[in-house]
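Okay, model_6.cif now, which holds mmCIF, C-alpha atoms:
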data_model
#
loop_
_atom_site.group_PDB
_atom_site.id
_atom_site.type_symbol
_atom_site.label_atom_id
_atom_site.label_comp_id
_atom_site.auth_asym_id
_atom_site.auth_seq_id
_atom_site.Cartn_x
_atom_site.Cartn_y
_atom_site.Cartn_z
ATOM 1 C CA MET A 8 2.140 17.356 -11.024
ATOM 2 C CA LYS A 9 1.619 21.021 -10.124
ATOM 3 C CA LYS A 10 -2.060 20.671 -11.023
ATOM 4 C CA LEU A 11 -2.340 17.746 -8.630
ATOM 5 C CA LEU A 12 -0.745 19.752 -5.820
ATOM 6 C CA VAL A 13 -3.174 22.622 -6.445
ATOM 7 C CA LEU A 14 -6.140 20.237 -6.579
ATOM 8 C CA PHE A 15 -5.259 18.371 -3.359
ATOM 9 C CA PRO A 16 -6.186 21.174 -0.864
ATOM 10 C CA PHE A 17 -9.489 21.715 -2.673
ATOM 11 C CA LEU A 18 -10.366 18.019 -2.461
ATOM 12 C CA THR A 19 -9.388 17.901 1.197
ATOM 13 C CA ILE A 20 -11.738 20.776 2.001
ATOM 14 C CA ALA A 21 -14.527 19.240 -0.104
ATOM 15 C CA PHE A 22 -14.232 15.819 1.556
ATOM 16 C CA ASN A 23 -14.107 17.335 5.045
ATOM 17 C CA SER A 24 -17.229 19.372 4.259
ATOM 18 C CA ALA A 25 -18.996 16.234 3.066
ATOM 19 C CA LYS A 26 -17.867 14.396 6.205
ATOM 20 C CA ALA A 27 -19.530 17.010 8.401
ATOM 21 C CA GLN A 28 -22.938 16.279 6.911
ATOM 22 C CA ASP A 29 -25.249 13.348 7.530
ATOM 23 C CA SER A 30 -25.956 11.938 4.065
ATOM 24 C CA LEU A 31 -29.531 10.929 5.010
ATOM 25 C CA ALA A 32 -30.529 14.218 6.664
ATOM 26 C CA TYR A 33 -31.678 15.760 3.394
ATOM 27 C CA VAL A 34 -33.873 12.736 2.611
ATOM 28 C CA ASP A 35 -35.741 12.810 5.941
ATOM 29 C CA GLY A 36 -36.665 16.483 5.466
ATOM 30 C CA PHE A 37 -38.504 16.082 2.167
ATOM 31 C CA ASP A 38 -42.244 16.719 2.127
ATOM 32 C CA ASN A 39 -42.591 14.228 -0.724
ATOM 33 C CA PRO A 40 -41.813 10.719 0.628
ATOM 34 C CA LYS A 41 -41.585 9.242 -2.896
ATOM 35 C CA LEU A 42 -38.842 11.696 -3.881
ATOM 36 C CA GLY A 43 -36.952 11.035 -0.633
ATOM 37 C CA ALA A 44 -37.154 7.261 -1.216
ATOM 38 C CA LEU A 45 -35.906 7.698 -4.787
ATOM 39 C CA LEU A 46 -32.866 9.724 -3.696
ATOM 40 C CA THR A 47 -31.746 7.004 -1.269
ATOM 41 C CA HIS A 48 -31.215 4.735 -4.306
ATOM 42 C CA PHE A 49 -28.567 7.004 -5.867
ATOM 43 C CA PHE A 50 -24.896 7.021 -4.915
ATOM 44 C CA VAL A 51 -21.872 9.057 -5.984
ATOM 45 C CA GLY A 52 -18.159 8.417 -5.903
ATOM 46 C CA GLY A 53 -15.119 8.230 -8.085
ATOM 47 C CA ASP A 54 -11.412 7.729 -8.483
ATOM 48 C CA ILE A 55 -8.509 10.119 -8.612
ATOM 49 C CA SER A 56 -4.876 9.214 -9.101
ATOM 50 C CA GLY A 57 -1.622 10.607 -10.355
ATOM 51 C CA SER A 58 2.088 10.122 -10.641
ATOM 52 C CA GLY A 59 5.066 12.310 -11.416
ATOM 53 C CA GLY A 60 8.565 12.057 -12.799
ATOM 54 C CA ASP A 61 9.560 11.482 -16.401
ATOM 55 C CA VAL A 62 5.940 10.507 -16.980
ATOM 56 C CA ASP A 63 3.345 12.757 -15.333
ATOM 57 C CA TYR A 64 -0.061 11.121 -15.196
ATOM 58 C CA PHE A 65 -3.352 12.325 -13.735
ATOM 59 C CA TYR A 66 -6.659 10.392 -13.745
ATOM 60 C CA PHE A 67 -10.025 11.749 -12.595
ATOM 61 C CA ALA A 68 -13.273 9.774 -12.900
ATOM 62 C CA PRO A 69 -16.369 10.766 -10.875
ATOM 63 C CA THR A 70 -19.335 8.373 -10.873
ATOM 64 C CA LEU A 71 -23.097 8.464 -10.432
ATOM 65 C CA GLY A 72 -24.810 5.196 -9.637
ATOM 66 C CA TYR A 73 -28.194 3.709 -8.900
ATOM 67 C CA LYS A 74 -28.803 0.914 -6.390
ATOM 68 C CA ILE A 75 -30.847 -1.850 -8.013
ATOM 69 C CA ALA A 76 -30.885 -3.658 -4.669
ATOM 70 C CA ASN A 77 -29.280 -2.945 -1.286
ATOM 71 C CA ASP A 78 -26.161 -4.845 -2.324
ATOM 72 C CA MET A 79 -26.044 -4.162 -6.088
ATOM 73 C CA GLY A 80 -25.551 -0.997 -8.112
ATOM 74 C CA VAL A 81 -24.923 0.193 -11.666
ATOM 75 C CA GLY A 82 -23.629 3.537 -12.858
ATOM 76 C CA ILE A 83 -21.901 5.832 -15.317
ATOM 77 C CA GLY A 84 -19.267 8.519 -15.216
ATOM 78 C CA PRO A 85 -16.960 10.722 -17.256
ATOM 79 C CA VAL A 86 -13.202 10.039 -17.417
ATOM 80 C CA TYR A 87 -10.385 12.563 -17.813
ATOM 81 C CA THR A 88 -6.669 11.755 -18.134
ATOM 82 C CA TYR A 89 -3.609 13.925 -18.508
ATOM 83 C CA LEU A 90 -0.327 12.430 -19.668
ATOM 84 C CA HIS A 91 3.024 14.158 -20.132
ATOM 85 C CA ASP A 92 5.788 11.809 -21.268
ATOM 86 C CA ALA A 93 9.351 13.197 -21.224
ATOM 87 C CA ARG A 94 11.282 9.911 -21.353
ATOM 88 C CA LEU A 95 12.523 10.487 -24.909
ATOM 89 C CA PRO A 96 13.854 14.044 -25.463
ATOM 90 C CA LYS A 97 12.769 14.339 -29.107
ATOM 91 C CA LYS A 98 9.499 12.486 -28.546
ATOM 92 C CA GLU A 99 8.246 14.432 -25.520
ATOM 93 C CA TYR A 100 4.498 14.929 -25.679
ATOM 94 C CA THR A 101 1.416 15.856 -23.705
ATOM 95 C CA THR A 102 -2.099 14.547 -24.225
ATOM 96 C CA ASN A 103 -5.491 14.976 -22.614
ATOM 97 C CA GLY A 104 -7.889 12.065 -22.779
ATOM 98 C CA TYR A 105 -11.651 12.270 -22.496
ATOM 99 C CA GLY A 106 -14.208 9.521 -22.273
ATOM 100 C CA GLY A 107 -16.659 7.688 -20.090
ATOM 101 C CA ARG A 108 -17.377 4.453 -18.312
ATOM 102 C CA ILE A 109 -20.249 2.231 -17.260
ATOM 103 C CA PHE A 110 -19.989 -0.116 -14.296
ATOM 104 C CA ALA A 111 -21.777 -2.633 -12.108
ATOM 105 C CA GLN A 112 -20.879 -3.620 -8.559
ATOM 106 C CA GLN A 113 -22.183 -6.296 -6.227
ATOM 107 C CA ARG A 114 -21.434 -6.346 -2.495
ATOM 108 C CA LEU A 115 -20.599 -9.922 -1.474
ATOM 109 C CA PHE A 116 -20.025 -9.535 2.234
ATOM 110 C CA SER A 117 -19.883 -6.522 4.519
ATOM 111 C CA TYR A 118 -16.537 -5.305 3.188
ATOM 112 C CA THR A 119 -15.972 -7.063 -0.155
ATOM 113 C CA LEU A 120 -17.445 -6.434 -3.585
ATOM 114 C CA LEU A 121 -17.325 -7.650 -7.168
ATOM 115 C CA TYR A 122 -16.834 -4.944 -9.779
ATOM 116 C CA ALA A 123 -17.003 -4.815 -13.591
ATOM 117 C CA GLU A 124 -16.469 -1.818 -15.854
ATOM 118 C CA TYR A 125 -16.153 -0.842 -19.488
ATOM 119 C CA GLU A 126 -14.227 2.367 -20.169
ATOM 120 C CA VAL A 127 -13.903 4.239 -23.471
ATOM 121 C CA ILE A 128 -11.353 7.044 -23.772
ATOM 122 C CA ASN A 129 -10.073 9.150 -26.680
ATOM 123 C CA VAL A 130 -6.352 10.085 -26.532
ATOM 124 C CA ASP A 131 -3.357 11.031 -28.687
ATOM 125 C CA VAL A 132 -0.976 8.128 -29.334
ATOM 126 C CA TRP A 133 2.128 7.653 -31.474
ATOM 127 C CA ASN A 134 1.643 5.893 -34.798
ATOM 128 C CA VAL A 135 3.487 2.643 -35.564
ATOM 129 C CA PHE A 136 6.629 4.410 -36.789
ATOM 130 C CA GLN A 137 6.505 7.010 -33.974
ATOM 131 C CA THR A 138 6.614 9.874 -36.445
ATOM 132 C CA ASN A 139 3.414 11.664 -35.433
ATOM 133 C CA LEU A 140 0.538 11.607 -32.963
ATOM 134 C CA SER A 141 -3.018 10.691 -33.857
ATOM 135 C CA ARG A 142 -6.229 10.424 -31.819
ATOM 136 C CA HIS A 143 -7.531 6.968 -31.057
ATOM 137 C CA THR A 144 -10.547 5.765 -29.131
ATOM 138 C CA ILE A 145 -9.561 3.016 -26.718
ATOM 139 C CA GLY A 146 -11.980 0.610 -25.047
ATOM 140 C CA ASN A 147 -11.053 -1.360 -21.936
ATOM 141 C CA GLY A 148 -13.175 -4.009 -20.243
ATOM 142 C CA MET A 149 -12.139 -4.831 -16.702
ATOM 143 C CA ALA A 150 -13.410 -6.774 -13.707
ATOM 144 C CA GLY A 151 -12.208 -7.717 -10.253
ATOM 145 C CA VAL A 152 -12.746 -7.653 -6.516
ATOM 146 C CA GLY A 153 -12.489 -4.878 -3.998
ATOM 147 C CA TYR A 154 -12.389 -4.099 -0.322
ATOM 148 C CA THR A 155 -14.545 -1.286 1.010
ATOM 149 C CA GLN A 156 -13.952 0.369 4.381
ATOM 150 C CA PRO A 157 -16.812 2.380 5.891
ATOM 151 C CA LEU A 158 -15.553 5.729 7.188
ATOM 152 C CA PHE A 159 -18.869 7.038 8.505
ATOM 153 C CA ASN A 160 -22.575 6.962 7.630
ATOM 154 C CA ARG A 161 -22.800 5.670 4.002
ATOM 155 C CA PHE A 162 -19.321 7.009 3.123
ATOM 156 C CA ASN A 163 -16.761 4.374 2.075
ATOM 157 C CA PHE A 164 -13.164 4.143 0.939
ATOM 158 C CA THR A 165 -12.658 1.395 -1.662
ATOM 159 C CA VAL A 166 -9.568 -0.374 -3.003
ATOM 160 C CA MET A 167 -9.934 -2.713 -5.987
ATOM 161 C CA GLY A 168 -7.766 -5.040 -8.022
ATOM 162 C CA LEU A 169 -9.018 -5.192 -11.610
ATOM 163 C CA TYR A 170 -7.982 -7.393 -14.504
ATOM 164 C CA VAL A 171 -8.050 -5.713 -17.933
ATOM 165 C CA PHE A 172 -9.466 -8.086 -20.557
ATOM 166 C CA ALA A 173 -7.723 -7.883 -23.973
ATOM 167 C CA PRO A 174 -6.274 -4.365 -23.625
ATOM 168 C CA SER A 175 -5.768 -2.370 -26.820
ATOM 169 C CA LYS A 176 -2.194 -1.875 -28.031
ATOM 170 C CA TYR A 177 -2.764 1.818 -27.198
ATOM 171 C CA SER A 178 -4.114 1.151 -23.703
ATOM 172 C CA TYR A 179 -2.682 2.973 -20.686
ATOM 173 C CA TYR A 180 -3.269 -0.123 -18.584
ATOM 174 C CA ASN A 181 -1.333 -3.333 -18.111
ATOM 175 C CA ASP A 182 -3.173 -6.548 -17.364
ATOM 176 C CA ILE A 183 -3.822 -5.712 -13.700
ATOM 177 C CA ILE A 184 -4.528 -2.325 -12.158
ATOM 178 C CA ILE A 185 -5.030 -1.263 -8.553
ATOM 179 C CA ARG A 186 -7.651 1.433 -8.076
ATOM 180 C CA ALA A 187 -8.725 3.373 -5.003
ATOM 181 C CA GLY A 188 -11.656 5.719 -4.613
ATOM 182 C CA ILE A 189 -14.508 6.978 -2.510
ATOM 183 C CA ASN A 190 -18.191 6.210 -2.483
ATOM 184 C CA LEU A 191 -21.089 7.996 -0.827
ATOM 185 C CA GLY A 192 -24.337 6.080 -0.568
ATOM 186 C CA PHE A 193 -23.528 2.484 -1.549
#
Whole structure given in structure tokens:
Amino acid sequence: MKKLLVLFPFLTIAFNSAKAQDSLAYVDGFDNPKLGALLTHFFVGGDISGSGGDVDYFYFAPTLGYKIANDMGVGIGPVYTYLHDARLPKKEYTTNGYGGRIFAQQRLFSYTLLYAEYEVINVDVWNVFQTNLSRHTIGNGMAGVGYTQPLFNRFNFTVMGLYVFAPSKYSYYNDIIIRAGINLGF
């Protein structure tokens, strides 16, 4: 939780700096029109979340995407998770998870979108008898709908409800997750 509190001021400054800039200004200034047109097809974004208490959890997943059409995009991104579970005194543990994800999104109307993602993450989990930890690679396929709210030129805040299809027994997710994030360029 302390890491999240340290990270919050940095993210606030970074987002306010991004807000002060027109995201298309750099494209208009290029001498090469083909390069400028190519850059307008890319978008960036990501999710960040956390919780504290007996279970401290932090999730960070930036994304880089490419617009196939004005209302459809695909992308990739790394995933990092931190989990500290102190619910059981003799079974307290901490793990860092690393992985990646691929996604596709389709804007349906001005403020709604369809979203699908496949995430793979490698984490420490307890074995069946809870006697020791071992690393496992977990895959999660998920899809759902979202609402996107434009904040200013090409910068959006998005909230999604996603259904996790056939989660692994080691998965961090339940059947339904709520995710919020930002997006610049889509």
| task | Could you state which residues are captured by the PyMOL selection byres ((chain A and resi 153-166) around 6) in this file, as a VMD selection string? | result | chain A and resid 118 to 120 152 167 186 to 192
Save out the residues we just selected, C-alpha atoms, as a compact mmCIF listing (two decimals), keeping the file's coordinate frame.
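Now in again-v9.txt:
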# COMPACT_ATOMS: atom_id res chain seq x y z
CA TYR A 118 -16.54 -5.30 3.19
CA THR A 119 -15.97 -7.06 -0.16
CA LEU A 120 -17.44 -6.43 -3.58
CA VAL A 152 -12.75 -7.65 -6.52
CA MET A 167 -9.93 -2.71 -5.99
CA ARG A 186 -7.65 1.43 -8.08
CA ALA A 187 -8.72 3.37 -5.00
CA GLY A 188 -11.66 5.72 -4.61
CA ILE A 189 -14.51 6.98 -2.51
CA ASN A 190 -18.19 6.21 -2.48
CA LEU A 191 -21.09 8.00 -0.83
CA GLY A 192 -24.34 6.08 -0.57
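For the choices A:Arg108, A:Asp78, A:Leu115, A:Ala93, the atom-to-atom distance to Gly53 in chain A is smallest for A:Arg108 when using only C-alpha atoms.
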| task | Record the distance separating CA of Val132 in chain A and CA of Thr102 in chain A, expressed in Å with one decimal. | result |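 About the pair CA of Val132 in chain A and CA of Thr102 in chain A: they are 8.3 Å apart.
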If the PyMOL selection byres ((chain A and resi 124) around 10) is run on the structure shown, which residues does it catch, given as a PDB file with C-alpha atoms, keeping the file's coordinate frame?
ATOM      1  CA  VAL A  81     -24.923   0.193 -11.666  1.00  0.00           C
ATOM      2  CA  GLY A  82     -23.629   3.537 -12.858  1.00  0.00           C
ATOM      3  CA  ILE A  83     -21.901   5.832 -15.317  1.00  0.00           C
ATOM      4  CA  ARG A 108     -17.377   4.453 -18.312  1.00  0.00           C
ATOM      5  CA  ILE A 109     -20.249   2.231 -17.260  1.00  0.00           C
ATOM      6  CA  PHE A 110     -19.989  -0.116 -14.296  1.00  0.00           C
ATOM      7  CA  ALA A 111     -21.777  -2.633 -12.108  1.00  0.00           C
ATOM      8  CA  GLN A 112     -20.879  -3.620  -8.559  1.00  0.00           C
ATOM      9  CA  TYR A 122     -16.834  -4.944  -9.779  1.00  0.00           C
ATOM     10  CA  ALA A 123     -17.003  -4.815 -13.591  1.00  0.00           C
ATOM     11  CA  TYR A 125     -16.153  -0.842 -19.488  1.00  0.00           C
ATOM     12  CA  GLU A 126     -14.227   2.367 -20.169  1.00  0.00           C
ATOM     13  CA  ASN A 147     -11.053  -1.360 -21.936  1.00  0.00           C
ATOM     14  CA  GLY A 148     -13.175  -4.009 -20.243  1.00  0.00           C
ATOM     15  CA  MET A 149     -12.139  -4.831 -16.702  1.00  0.00           C
ATOM     16  CA  ALA A 150     -13.410  -6.774 -13.707  1.00  0.00           C
ATOM     17  CA  GLY A 151     -12.208  -7.717 -10.253  1.00  0.00           C
ATOM     18  CA  LEU A 169      -9.018  -5.192 -11.610  1.00  0.00           C
ATOM     19  CA  VAL A 171      -8.050  -5.713 -17.933  1.00  0.00           C
TER      20      VAL A 171
END
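Here the question is which of A:Ile185, A:Leu140, A:Ile55, A:Val86 gets nearest to Ile128 in chain A using all atoms listed in the file, and that residue is A:Val86.
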Just say which residues the PyMOL selection byres ((chain A and resi 69) around 7) picks in this file, as an mmCIF file with C-alpha atoms, in the frame of the given file.
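Result went into part-v7.cif, see below:
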data_model
loop_
_atom_site.group_PDB
_atom_site.id
_atom_site.type_symbol
_atom_site.label_atom_id
_atom_site.label_comp_id
_atom_site.auth_asym_id
_atom_site.auth_seq_id
_atom_site.Cartn_x
_atom_site.Cartn_y
_atom_site.Cartn_z
ATOM 1 C CA GLY A 52 -18.159 8.417 -5.903
ATOM 2 C CA GLY A 53 -15.119 8.230 -8.085
ATOM 3 C CA ASP A 54 -11.412 7.729 -8.483
ATOM 4 C CA PHE A 67 -10.025 11.749 -12.595
ATOM 5 C CA ALA A 68 -13.273 9.774 -12.900
ATOM 6 C CA THR A 70 -19.335 8.373 -10.873
ATOM 7 C CA GLY A 84 -19.267 8.519 -15.216
ATOM 8 C CA PRO A 85 -16.960 10.722 -17.256
#
| How many Å lie between CA of Thr101 in chain A and CA of Val130 in chain A, rounded to one decimal? |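 Computed distance, CA of Thr101 in chain A to CA of Val130 in chain A, equals 10.1 Å.
Going from CA of Arg142 in chain A over to CA of Pro174 in chain A, you cover 16.9 Å.
The nearest approach to Ser117 in chain A among the residues A:Thr144, A:Tyr87, A:Asn77, A:Phe49, with all atoms listed in the file taken into account, belongs to A:Asn77.
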